[in-house]
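Trainee: Structure incoming, see below.
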Amino acid sequence: MDFQRIDEELIEILPGPCSRERVLEEIARLSYETAVAIAPSFAQPFDVPADFIHFKDFIKEGGLHLNYLNGKLCSTYVKKKGDRYFFDASSFREDRGHPEAFLALVKEQLGGCSETQHE
C-alpha cells in the first residue's frame, strides 16, 4: 500500500499488492485505535477494544465512512471514484491532525499485506 497527495483535500490510496478491502479495514482499525474519546464531561466513554469491532461493516459501496464510533472521533473517510480511492485529508486534518503521518502508520502496519493480520 502507498499513497499520493492529490491536493489539499485528497490523498489517493494506492493498494498495490494488498486487497482494497484489507487496506480499508486497516485504515478503519487504526483510525479507531488512534482516535481520542470525545465525550461530555459528565459521561464516561464506553471503551470497546478494536478486536471486538467488525471494521468491514464500515466499508460501503467500495468506500469507508467512519465518523464517531463508541465515543471516539475518527473523521476517516475514503471515497471510491471509478477504480481509484481517495482519503479525505481535509476532514482528518481538521479533527485529528496530520493525514500523511496516519497513512504512513497504515502502510507500516500493512507491511507485506498478510491477509490474516488483525482478523
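Residues are named by chain letter and number: chains run A, B, ... in the order of the C-alpha cells, numbers start at 1 in each chain, and ligands are numbered from 1 in the order shown.
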Can you pull out the residues contacting Leu73 (chain A)? Cut-off 9 Å, using only C-alpha atoms, and skip same-chain residues under 6 positions away; I want them as a PyMOL selection string.

Mentor: chain A and resi 31-32+35-38+66-67+95-96

Trainee: Please return, as a PyMOL selection string, all residues of chain A that DSSP assigns to strand (DSSP E) on the basis of the backbone.

Mentor: chain A and resi 2-5+10-14+59-60+63-69+72-81+84-88

Trainee: Report the distance between CA of Cys113 (chain A) and CA of Asp88 (chain A) in Å, rounded to one decimal place.

Mentor: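 Distance reported for this atom pair: 22.7 Å.
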
Trainee: Please indicate the distance in Å from CA of Asp83 (chain A) to CA of Gly97 (chain A), rounded to one decimal place.

Mentor: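 Between CA of Asp83 (chain A) and CA of Gly97 (chain A) the gap works out to 27.3 Å.
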
Trainee: Please return as an MDAnalysis selection string: the residues of chain A that backbone DSSP assigns to helix (DSSP H, G or I).

Mentor: chainID A and resid 20:34 50:52 55:58 89:95 99:110

Trainee: Generate a file of the selected residues that holds C-alpha atoms, formatted as a PDB file, in the first residue's frame.

Mentor:
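Output (part-v3.pdb):
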```
ATOM      1  CA  ARG A  20      -8.589  -2.881  -1.327  1.00  0.00           C
ATOM      2  CA  GLU A  21     -10.864  -4.256   1.366  1.00  0.00           C
ATOM      3  CA  ARG A  22      -7.844  -5.127   3.540  1.00  0.00           C
ATOM      4  CA  VAL A  23      -6.450  -1.594   3.142  1.00  0.00           C
ATOM      5  CA  LEU A  24      -9.800  -0.019   4.052  1.00  0.00           C
ATOM      6  CA  GLU A  25     -10.169  -2.308   7.070  1.00  0.00           C
ATOM      7  CA  GLU A  26      -6.705  -1.369   8.307  1.00  0.00           C
ATOM      8  CA  ILE A  27      -7.441   2.343   7.814  1.00  0.00           C
ATOM      9  CA  ALA A  28     -10.639   1.917   9.866  1.00  0.00           C
ATOM     10  CA  ARG A  29      -8.948  -0.150  12.594  1.00  0.00           C
ATOM     11  CA  LEU A  30      -6.028   2.241  13.044  1.00  0.00           C
ATOM     12  CA  SER A  31      -8.313   5.244  12.896  1.00  0.00           C
ATOM     13  CA  TYR A  32     -10.338   3.825  15.766  1.00  0.00           C
ATOM     14  CA  GLU A  33      -7.295   2.734  17.776  1.00  0.00           C
ATOM     15  CA  THR A  34      -5.606   6.129  17.485  1.00  0.00           C
ATOM     16  CA  ALA A  50     -10.724  -2.845  18.356  1.00  0.00           C
ATOM     17  CA  ASP A  51     -10.658  -6.658  18.346  1.00  0.00           C
ATOM     18  CA  PHE A  52     -14.405  -6.658  19.087  1.00  0.00           C
ATOM     19  CA  PHE A  55     -14.486  -2.893  10.587  1.00  0.00           C
ATOM     20  CA  LYS A  56     -15.756  -4.494   7.356  1.00  0.00           C
ATOM     21  CA  ASP A  57     -19.188  -3.164   8.356  1.00  0.00           C
ATOM     22  CA  PHE A  58     -17.987   0.402   7.729  1.00  0.00           C
ATOM     23  CA  ALA A  89      -7.320  14.596   4.095  1.00  0.00           C
ATOM     24  CA  SER A  90      -9.051  17.870   4.985  1.00  0.00           C
ATOM     25  CA  SER A  91     -11.605  16.277   7.358  1.00  0.00           C
ATOM     26  CA  PHE A  92      -8.943  14.143   9.002  1.00  0.00           C
ATOM     27  CA  ARG A  93      -6.554  17.081   9.417  1.00  0.00           C
ATOM     28  CA  GLU A  94      -9.270  19.316  10.870  1.00  0.00           C
ATOM     29  CA  ASP A  95     -10.264  16.835  13.577  1.00  0.00           C
ATOM     30  CA  PRO A  99      -3.121  12.707   7.488  1.00  0.00           C
ATOM     31  CA  GLU A 100       0.196  11.668   5.922  1.00  0.00           C
ATOM     32  CA  ALA A 101       1.541  10.530   9.303  1.00  0.00           C
ATOM     33  CA  PHE A 102      -1.596   8.470   9.821  1.00  0.00           C
ATOM     34  CA  LEU A 103      -1.378   6.883   6.354  1.00  0.00           C
ATOM     35  CA  ALA A 104       2.324   6.140   6.897  1.00  0.00           C
ATOM     36  CA  LEU A 105       1.298   4.194  10.010  1.00  0.00           C
ATOM     37  CA  VAL A 106      -1.310   2.290   7.971  1.00  0.00           C
ATOM     38  CA  LYS A 107       1.344   1.489   5.362  1.00  0.00           C
ATOM     39  CA  GLU A 108       3.724   0.271   8.079  1.00  0.00           C
ATOM     40  CA  GLN A 109       1.054  -1.916   9.682  1.00  0.00           C
ATOM     41  CA  LEU A 110       0.109  -3.495   6.366  1.00  0.00           C
TER      42      LEU A 110
END
```
